[in-house]
>>> print(open('upload15.csv').read())   # CSV, N, CA and C atoms
chain,number,residue,atom,x,y,z
A,1,MET,N,4.7,-19.2,-12.9
A,1,MET,CA,4.5,-17.8,-12.7
A,1,MET,C,4.8,-17.4,-11.3
A,2,GLN,N,5.5,-16.3,-11.1
A,2,GLN,CA,5.9,-15.8,-9.8
A,2,GLN,C,4.7,-15.2,-9.1
A,3,LYS,N,4.6,-15.5,-7.8
A,3,LYS,CA,3.5,-14.8,-7.1
A,3,LYS,C,3.8,-13.3,-7.0
A,4,THR,N,2.7,-12.5,-7.2
A,4,THR,CA,2.9,-11.1,-7.3
A,4,THR,C,3.5,-10.5,-6.1
A,5,ILE,N,3.1,-11.0,-4.9
A,5,ILE,CA,3.6,-10.4,-3.7
A,5,ILE,C,5.1,-10.5,-3.5
A,6,ALA,N,5.7,-11.5,-4.3
A,6,ALA,CA,7.2,-11.7,-4.2
A,6,ALA,C,7.9,-11.0,-5.3
A,7,SER,N,7.2,-10.3,-6.2
A,7,SER,CA,7.8,-9.7,-7.3
A,7,SER,C,8.5,-8.3,-7.0
A,8,ASN,N,9.5,-8.0,-7.7
A,8,ASN,CA,10.2,-6.7,-7.5
A,8,ASN,C,9.3,-5.6,-7.8
A,9,LYS,N,8.4,-5.7,-8.8
A,9,LYS,CA,7.5,-4.6,-9.2
A,9,LYS,C,6.5,-4.4,-8.0
A,10,TYR,N,6.0,-5.4,-7.4
A,10,TYR,CA,5.1,-5.2,-6.3
A,10,TYR,C,5.8,-4.6,-5.1
A,11,ARG,N,7.0,-4.9,-4.9
A,11,ARG,CA,7.8,-4.3,-3.8
A,11,ARG,C,8.0,-2.8,-4.1
A,12,LYS,N,8.2,-2.4,-5.4
A,12,LYS,CA,8.3,-1.0,-5.7
A,12,LYS,C,7.0,-0.3,-5.5
A,13,LEU,N,5.9,-1.0,-5.8
A,13,LEU,CA,4.5,-0.4,-5.5
A,13,LEU,C,4.3,-0.1,-4.0
A,14,ILE,N,4.7,-1.1,-3.2
A,14,ILE,CA,4.5,-0.9,-1.8
A,14,ILE,C,5.5,0.2,-1.3
A,15,ASP,N,6.7,0.2,-1.8
A,15,ASP,CA,7.7,1.2,-1.4
A,15,ASP,C,7.1,2.6,-1.7
A,16,LEU,N,6.4,2.7,-2.9
A,16,LEU,CA,5.8,4.0,-3.2
A,16,LEU,C,4.8,4.4,-2.2
A,17,LEU,N,4.0,3.4,-1.7
A,17,LEU,CA,2.9,3.7,-0.7
A,17,LEU,C,3.6,4.1,0.6
A,18,ILE,N,4.6,3.4,1.0
A,18,ILE,CA,5.3,3.7,2.2
A,18,ILE,C,5.9,5.1,2.2
A,19,ALA,N,6.5,5.4,1.1
A,19,ALA,CA,7.1,6.8,0.9
A,19,ALA,C,6.0,7.8,1.0
A,20,ALA,N,4.9,7.6,0.4
A,20,ALA,CA,3.8,8.6,0.4
A,20,ALA,C,3.2,8.7,1.8
A,21,ARG,N,3.2,7.6,2.5
A,21,ARG,CA,2.7,7.7,3.9
A,21,ARG,C,3.7,8.5,4.8
A,22,GLN,N,4.9,8.2,4.6
A,22,GLN,CA,6.0,8.9,5.4
A,22,GLN,C,6.0,10.4,5.0
A,23,ASP,N,5.9,10.7,3.7
A,23,ASP,CA,6.0,12.1,3.2
A,23,ASP,C,4.7,12.9,3.7
A,24,SER,N,3.6,12.2,4.0
A,24,SER,CA,2.4,12.8,4.5
A,24,SER,C,2.5,13.0,6.0
A,25,GLY,N,3.6,12.5,6.6
A,25,GLY,CA,3.7,12.6,8.0
A,25,GLY,C,2.8,11.6,8.8
A,26,LEU,N,2.3,10.6,8.2
A,26,LEU,CA,1.4,9.7,8.8
A,26,LEU,C,2.1,8.5,9.4
A,27,SER,N,1.8,8.1,10.6
A,27,SER,CA,2.3,6.9,11.1
A,27,SER,C,1.4,5.7,10.6
A,28,ILE,N,1.9,4.5,10.8
A,28,ILE,CA,1.1,3.4,10.4
A,28,ILE,C,-0.3,3.4,11.1
A,29,ARG,N,-0.3,3.8,12.4
A,29,ARG,CA,-1.5,3.8,13.1
A,29,ARG,C,-2.5,4.9,12.6
A,30,ALA,N,-1.9,6.1,12.2
A,30,ALA,CA,-2.7,7.1,11.7
A,30,ALA,C,-3.3,6.8,10.4
A,31,LEU,N,-2.6,6.1,9.5
A,31,LEU,CA,-3.1,5.7,8.2
A,31,LEU,C,-4.2,4.6,8.5
A,32,ALA,N,-3.9,3.7,9.4
A,32,ALA,CA,-4.9,2.7,9.7
A,32,ALA,C,-6.2,3.3,10.1
A,33,GLU,N,-6.2,4.3,10.9
A,33,GLU,CA,-7.4,5.0,11.3
A,33,GLU,C,-8.1,5.6,10.1
A,34,LYS,N,-7.4,6.2,9.2
A,34,LYS,CA,-8.0,6.8,8.0
A,34,LYS,C,-8.7,5.7,7.2
A,35,LEU,N,-8.0,4.5,7.1
A,35,LEU,CA,-8.5,3.4,6.3
A,35,LEU,C,-9.6,2.6,7.1
A,36,GLU,N,-9.7,2.9,8.4
A,36,GLU,CA,-10.7,2.1,9.2
A,36,GLU,C,-10.3,0.6,9.3
A,37,VAL,N,-9.0,0.4,9.4
A,37,VAL,CA,-8.5,-1.0,9.6
A,37,VAL,C,-7.6,-1.0,10.8
A,38,SER,N,-7.2,-2.2,11.2
A,38,SER,CA,-6.2,-2.2,12.3
A,38,SER,C,-4.8,-1.8,11.8
A,39,HIS,N,-4.0,-1.4,12.8
A,39,HIS,CA,-2.7,-1.0,12.4
A,39,HIS,C,-1.9,-2.2,11.9
A,40,SER,N,-2.2,-3.3,12.4
A,40,SER,CA,-1.5,-4.5,12.0
A,40,SER,C,-1.8,-4.9,10.6
A,41,ALA,N,-3.0,-4.5,10.1
A,41,ALA,CA,-3.3,-4.7,8.6
A,41,ALA,C,-2.3,-3.9,7.8
A,42,VAL,N,-2.2,-2.6,8.1
A,42,VAL,CA,-1.2,-1.8,7.4
A,42,VAL,C,0.2,-2.3,7.5
A,43,GLN,N,0.5,-2.7,8.7
A,43,GLN,CA,1.9,-3.2,8.9
A,43,GLN,C,2.2,-4.4,8.1
A,44,ARG,N,1.2,-5.3,8.0
A,44,ARG,CA,1.4,-6.6,7.1
A,44,ARG,C,1.5,-6.2,5.7
A,45,ILE,N,0.7,-5.2,5.2
A,45,ILE,CA,0.8,-4.8,3.8
A,45,ILE,C,2.2,-4.2,3.5
A,46,GLU,N,2.7,-3.4,4.4
A,46,GLU,CA,4.0,-2.8,4.2
A,46,GLU,C,5.2,-3.8,4.4
A,47,ALA,N,4.9,-4.8,5.1
A,47,ALA,CA,6.0,-5.9,5.3
A,47,ALA,C,5.8,-7.0,4.2
A,48,LEU,N,4.9,-6.8,3.3
A,48,LEU,CA,4.7,-7.8,2.2
A,48,LEU,C,4.2,-9.1,2.7
A,49,GLU,N,3.5,-9.0,3.8
A,49,GLU,CA,2.9,-10.3,4.4
A,49,GLU,C,1.4,-10.4,3.9
A,50,ARG,N,0.9,-9.3,3.4
A,50,ARG,CA,-0.5,-9.3,2.9
A,50,ARG,C,-0.6,-8.5,1.6
A,51,ARG,N,-1.2,-9.0,0.6
A,51,ARG,CA,-1.3,-8.4,-0.7
A,51,ARG,C,-2.6,-7.5,-0.8
A,52,LEU,N,-2.5,-6.4,-1.4
A,52,LEU,CA,-3.6,-5.5,-1.6
A,52,LEU,C,-4.3,-6.0,-2.9
A,53,ASP,N,-5.7,-6.0,-2.9
A,53,ASP,CA,-6.4,-6.2,-4.1
A,53,ASP,C,-6.5,-4.8,-4.8
A,54,ILE,N,-7.0,-4.8,-6.0
A,54,ILE,CA,-7.1,-3.5,-6.7
A,54,ILE,C,-8.0,-2.5,-6.0
A,55,ASN,N,-9.1,-2.9,-5.5
A,55,ASN,CA,-10.0,-2.0,-4.8
A,55,ASN,C,-9.3,-1.4,-3.5
A,56,GLU,N,-8.7,-2.3,-2.8
A,56,GLU,CA,-8.0,-1.8,-1.6
A,56,GLU,C,-6.9,-0.9,-1.9
A,57,TYR,N,-6.2,-1.1,-3.0
A,57,TYR,CA,-5.1,-0.3,-3.5
A,57,TYR,C,-5.6,1.1,-3.8
A,58,VAL,N,-6.7,1.2,-4.5
A,58,VAL,CA,-7.3,2.6,-4.8
A,58,VAL,C,-7.7,3.3,-3.5
A,59,ILE,N,-8.3,2.6,-2.6
A,59,ILE,CA,-8.7,3.2,-1.3
A,59,ILE,C,-7.5,3.7,-0.5
A,60,TYR,N,-6.4,2.9,-0.5
A,60,TYR,CA,-5.2,3.2,0.1
A,60,TYR,C,-4.6,4.5,-0.5
A,61,CYS,N,-4.6,4.6,-1.8
A,61,CYS,CA,-4.1,5.7,-2.5
A,61,CYS,C,-4.9,7.0,-2.2
A,62,ARG,N,-6.2,6.8,-2.1
A,62,ARG,CA,-7.0,8.0,-1.8
A,62,ARG,C,-6.7,8.5,-0.4
A,63,ALA,N,-6.5,7.6,0.5
A,63,ALA,CA,-6.2,7.9,1.9
A,63,ALA,C,-4.9,8.7,2.0
A,64,LEU,N,-4.0,8.4,1.0
A,64,LEU,CA,-2.7,9.1,1.0
A,64,LEU,C,-2.6,10.3,0.0
A,65,ASN,N,-3.8,10.5,-0.6
A,65,ASN,CA,-3.9,11.6,-1.6
A,65,ASN,C,-2.9,11.5,-2.7
A,66,ILE,N,-2.8,10.3,-3.3
A,66,ILE,CA,-1.9,10.1,-4.4
A,66,ILE,C,-2.8,9.4,-5.5
A,67,ASP,N,-2.4,9.7,-6.8
A,67,ASP,CA,-3.1,9.1,-7.9
A,67,ASP,C,-2.7,7.6,-8.1
A,68,PRO,N,-3.7,6.7,-8.1
A,68,PRO,CA,-3.5,5.3,-8.2
A,68,PRO,C,-2.7,4.9,-9.5
A,69,HIS,N,-2.8,5.8,-10.5
A,69,HIS,CA,-2.1,5.5,-11.8
A,69,HIS,C,-0.6,5.5,-11.6
A,70,LYS,N,-0.1,6.3,-10.6
A,70,LYS,CA,1.3,6.4,-10.4
A,70,LYS,C,1.9,5.1,-10.0
A,71,GLY,N,1.2,4.3,-9.2
A,71,GLY,CA,1.7,3.0,-8.8
A,71,GLY,C,1.5,2.0,-9.9
A,72,ILE,N,0.4,2.1,-10.6
A,72,ILE,CA,0.1,1.1,-11.7
A,72,ILE,C,1.1,1.3,-12.8
A,73,ASP,N,1.6,2.5,-13.1
A,73,ASP,CA,2.6,2.7,-14.1
A,73,ASP,C,3.9,2.0,-13.7
A,74,LEU,N,4.1,1.8,-12.4
A,74,LEU,CA,5.3,1.0,-12.0
A,74,LEU,C,5.3,-0.4,-12.4
A,75,LEU,N,4.0,-0.9,-12.5
A,75,LEU,CA,3.8,-2.3,-12.8
A,75,LEU,C,3.9,-2.6,-14.3
>>> encode(input="upload15.csv", output="structure tokens")
Amino acid sequence: MQKTIASNKYRKLIDLLIAARQDSGLSIRALAEKLEVSHSAVQRIEALERRLDINEYVIYCRALNIDPHKGIDLL
């Protein structure tokens, strides 16, 4: 079984989150402040160095004002 962090579908999910962040005009640091995490945590997620669990994913989506189902449908 392929690790999910290395899958093409997971990459598409993260690409969706990156695009939503950029479309919102948020920098990595600004999103990190909204999420109350370090900017390096967001940076590692976007660089596929750290995987989001489902709860973190939903929180991330809420911070970006996007429906979590949009990303889940990609999977």
>>> residues_near_point(input="upload15.csv", point="(3.8, 4.3, -11.2)", cutoff="12 Å", atoms="only C-alpha atoms", output="list in words")
Lys9, Tyr10, Lys12, Leu13, Ile14, Asp15, Leu16, Leu17, Cys61, Ile66, Asp67, Pro68, His69, Lys70, Gly71, Ile72, Asp73, Leu74 and Leu75 of chain A
>>> closest_residue(input="upload15.csv", among="A:Val58, A:Val37, A:Leu64, A:Leu48", to="A:Ser24", atoms="all atoms listed in the file")
A:Leu64
>>> select_by_dssp(input="upload15.csv", residues="stretch 22-72 of chain A", states="alpha helix (DSSP H)", output="PDB file with N, CA and C atoms, in the coordinates of the input")
ATOM      1  N   GLN A  22       4.900   8.200   4.600  1.00  0.00           N
ATOM      2  CA  GLN A  22       6.000   8.900   5.400  1.00  0.00           C
ATOM      3  C   GLN A  22       6.000  10.400   5.000  1.00  0.00           C
ATOM      4  N   ASP A  23       5.900  10.700   3.700  1.00  0.00           N
ATOM      5  CA  ASP A  23       6.000  12.100   3.200  1.00  0.00           C
ATOM      6  C   ASP A  23       4.700  12.900   3.700  1.00  0.00           C
ATOM      7  N   ILE A  28       1.900   4.500  10.800  1.00  0.00           N
ATOM      8  CA  ILE A  28       1.100   3.400  10.400  1.00  0.00           C
ATOM      9  C   ILE A  28      -0.300   3.400  11.100  1.00  0.00           C
ATOM     10  N   ARG A  29      -0.300   3.800  12.400  1.00  0.00           N
ATOM     11  CA  ARG A  29      -1.500   3.800  13.100  1.00  0.00           C
ATOM     12  C   ARG A  29      -2.500   4.900  12.600  1.00  0.00           C
ATOM     13  N   ALA A  30      -1.900   6.100  12.200  1.00  0.00           N
ATOM     14  CA  ALA A  30      -2.700   7.100  11.700  1.00  0.00           C
ATOM     15  C   ALA A  30      -3.300   6.800  10.400  1.00  0.00           C
ATOM     16  N   LEU A  31      -2.600   6.100   9.500  1.00  0.00           N
ATOM     17  CA  LEU A  31      -3.100   5.700   8.200  1.00  0.00           C
ATOM     18  C   LEU A  31      -4.200   4.600   8.500  1.00  0.00           C
ATOM     19  N   ALA A  32      -3.900   3.700   9.400  1.00  0.00           N
ATOM     20  CA  ALA A  32      -4.900   2.700   9.700  1.00  0.00           C
ATOM     21  C   ALA A  32      -6.200   3.300  10.100  1.00  0.00           C
ATOM     22  N   GLU A  33      -6.200   4.300  10.900  1.00  0.00           N
ATOM     23  CA  GLU A  33      -7.400   5.000  11.300  1.00  0.00           C
ATOM     24  C   GLU A  33      -8.100   5.600  10.100  1.00  0.00           C
ATOM     25  N   LYS A  34      -7.400   6.200   9.200  1.00  0.00           N
ATOM     26  CA  LYS A  34      -8.000   6.800   8.000  1.00  0.00           C
ATOM     27  C   LYS A  34      -8.700   5.700   7.200  1.00  0.00           C
ATOM     28  N   LEU A  35      -8.000   4.500   7.100  1.00  0.00           N
ATOM     29  CA  LEU A  35      -8.500   3.400   6.300  1.00  0.00           C
ATOM     30  C   LEU A  35      -9.600   2.600   7.100  1.00  0.00           C
ATOM     31  N   HIS A  39      -4.000  -1.400  12.800  1.00  0.00           N
ATOM     32  CA  HIS A  39      -2.700  -1.000  12.400  1.00  0.00           C
ATOM     33  C   HIS A  39      -1.900  -2.200  11.900  1.00  0.00           C
ATOM     34  N   SER A  40      -2.200  -3.300  12.400  1.00  0.00           N
ATOM     35  CA  SER A  40      -1.500  -4.500  12.000  1.00  0.00           C
ATOM     36  C   SER A  40      -1.800  -4.900  10.600  1.00  0.00           C
ATOM     37  N   ALA A  41      -3.000  -4.500  10.100  1.00  0.00           N
ATOM     38  CA  ALA A  41      -3.300  -4.700   8.600  1.00  0.00           C
ATOM     39  C   ALA A  41      -2.300  -3.900   7.800  1.00  0.00           C
ATOM     40  N   VAL A  42      -2.200  -2.600   8.100  1.00  0.00           N
ATOM     41  CA  VAL A  42      -1.200  -1.800   7.400  1.00  0.00           C
ATOM     42  C   VAL A  42       0.200  -2.300   7.500  1.00  0.00           C
ATOM     43  N   GLN A  43       0.500  -2.700   8.700  1.00  0.00           N
ATOM     44  CA  GLN A  43       1.900  -3.200   8.900  1.00  0.00           C
ATOM     45  C   GLN A  43       2.200  -4.400   8.100  1.00  0.00           C
ATOM     46  N   ARG A  44       1.200  -5.300   8.000  1.00  0.00           N
ATOM     47  CA  ARG A  44       1.400  -6.600   7.100  1.00  0.00           C
ATOM     48  C   ARG A  44       1.500  -6.200   5.700  1.00  0.00           C
ATOM     49  N   ILE A  45       0.700  -5.200   5.200  1.00  0.00           N
ATOM     50  CA  ILE A  45       0.800  -4.800   3.800  1.00  0.00           C
ATOM     51  C   ILE A  45       2.200  -4.200   3.500  1.00  0.00           C
ATOM     52  N   GLU A  46       2.700  -3.400   4.400  1.00  0.00           N
ATOM     53  CA  GLU A  46       4.000  -2.800   4.200  1.00  0.00           C
ATOM     54  C   GLU A  46       5.200  -3.800   4.400  1.00  0.00           C
ATOM     55  N   ILE A  54      -7.000  -4.800  -6.000  1.00  0.00           N
ATOM     56  CA  ILE A  54      -7.100  -3.500  -6.700  1.00  0.00           C
ATOM     57  C   ILE A  54      -8.000  -2.500  -6.000  1.00  0.00           C
ATOM     58  N   ASN A  55      -9.100  -2.900  -5.500  1.00  0.00           N
ATOM     59  CA  ASN A  55     -10.000  -2.000  -4.800  1.00  0.00           C
ATOM     60  C   ASN A  55      -9.300  -1.400  -3.500  1.00  0.00           C
ATOM     61  N   GLU A  56      -8.700  -2.300  -2.800  1.00  0.00           N
ATOM     62  CA  GLU A  56      -8.000  -1.800  -1.600  1.00  0.00           C
ATOM     63  C   GLU A  56      -6.900  -0.900  -1.900  1.00  0.00           C
ATOM     64  N   TYR A  57      -6.200  -1.100  -3.000  1.00  0.00           N
ATOM     65  CA  TYR A  57      -5.100  -0.300  -3.500  1.00  0.00           C
ATOM     66  C   TYR A  57      -5.600   1.100  -3.800  1.00  0.00           C
ATOM     67  N   VAL A  58      -6.700   1.200  -4.500  1.00  0.00           N
ATOM     68  CA  VAL A  58      -7.300   2.600  -4.800  1.00  0.00           C
ATOM     69  C   VAL A  58      -7.700   3.300  -3.500  1.00  0.00           C
ATOM     70  N   ILE A  59      -8.300   2.600  -2.600  1.00  0.00           N
ATOM     71  CA  ILE A  59      -8.700   3.200  -1.300  1.00  0.00           C
ATOM     72  C   ILE A  59      -7.500   3.700  -0.500  1.00  0.00           C
ATOM     73  N   TYR A  60      -6.400   2.900  -0.500  1.00  0.00           N
ATOM     74  CA  TYR A  60      -5.200   3.200   0.100  1.00  0.00           C
ATOM     75  C   TYR A  60      -4.600   4.500  -0.500  1.00  0.00           C
ATOM     76  N   CYS A  61      -4.600   4.600  -1.800  1.00  0.00           N
ATOM     77  CA  CYS A  61      -4.100   5.700  -2.500  1.00  0.00           C
ATOM     78  C   CYS A  61      -4.900   7.000  -2.200  1.00  0.00           C
ATOM     79  N   ARG A  62      -6.200   6.800  -2.100  1.00  0.00           N
ATOM     80  CA  ARG A  62      -7.000   8.000  -1.800  1.00  0.00           C
ATOM     81  C   ARG A  62      -6.700   8.500  -0.400  1.00  0.00           C
ATOM     82  N   ALA A  63      -6.500   7.600   0.500  1.00  0.00           N
ATOM     83  CA  ALA A  63      -6.200   7.900   1.900  1.00  0.00           C
ATOM     84  C   ALA A  63      -4.900   8.700   2.000  1.00  0.00           C
ATOM     85  N   PRO A  68      -3.700   6.700  -8.100  1.00  0.00           N
ATOM     86  CA  PRO A  68      -3.500   5.300  -8.200  1.00  0.00           C
ATOM     87  C   PRO A  68      -2.700   4.900  -9.500  1.00  0.00           C
ATOM     88  N   HIS A  69      -2.800   5.800 -10.500  1.00  0.00           N
ATOM     89  CA  HIS A  69      -2.100   5.500 -11.800  1.00  0.00           C
ATOM     90  C   HIS A  69      -0.600   5.500 -11.600  1.00  0.00           C
ATOM     91  N   LYS A  70      -0.100   6.300 -10.600  1.00  0.00           N
ATOM     92  CA  LYS A  70       1.300   6.400 -10.400  1.00  0.00           C
ATOM     93  C   LYS A  70       1.900   5.100 -10.000  1.00  0.00           C
ATOM     94  N   GLY A  71       1.200   4.300  -9.200  1.00  0.00           N
ATOM     95  CA  GLY A  71       1.700   3.000  -8.800  1.00  0.00           C
ATOM     96  C   GLY A  71       1.500   2.000  -9.900  1.00  0.00           C
ATOM     97  N   ILE A  72       0.400   2.100 -10.600  1.00  0.00           N
ATOM     98  CA  ILE A  72       0.100   1.100 -11.700  1.00  0.00           C
ATOM     99  C   ILE A  72       1.100   1.300 -12.800  1.00  0.00           C
TER     100      ILE A  72
END
>>> closest_residue(input="upload15.csv", among="A:Asp23, A:Ile18, A:Ile5, A:Ile59", to="A:Leu35", atoms="all atoms listed in the file")
A:Ile59
>>> atom_distance(input="upload15.csv", atom1="atom C of A:Ile54", atom2="atom CA of A:Thr4")
13.9 Å
>>> atom_distance(input="upload15.csv", atom1="atom CA of A:Asp53", atom2="atom CA of A:Ala19")
19.4 Å
>>> atom_distance(input="upload15.csv", atom1="atom C of A:Glu33", atom2="atom C of A:Tyr60")
11.2 Å
>>> residues_around(input="upload15.csv", residues="A:Ala32", least_positions_apart="6", cutoff="7 Å", atoms="only N, CA and C atoms", output="ChimeraX atom specification")
/A:38-39,42
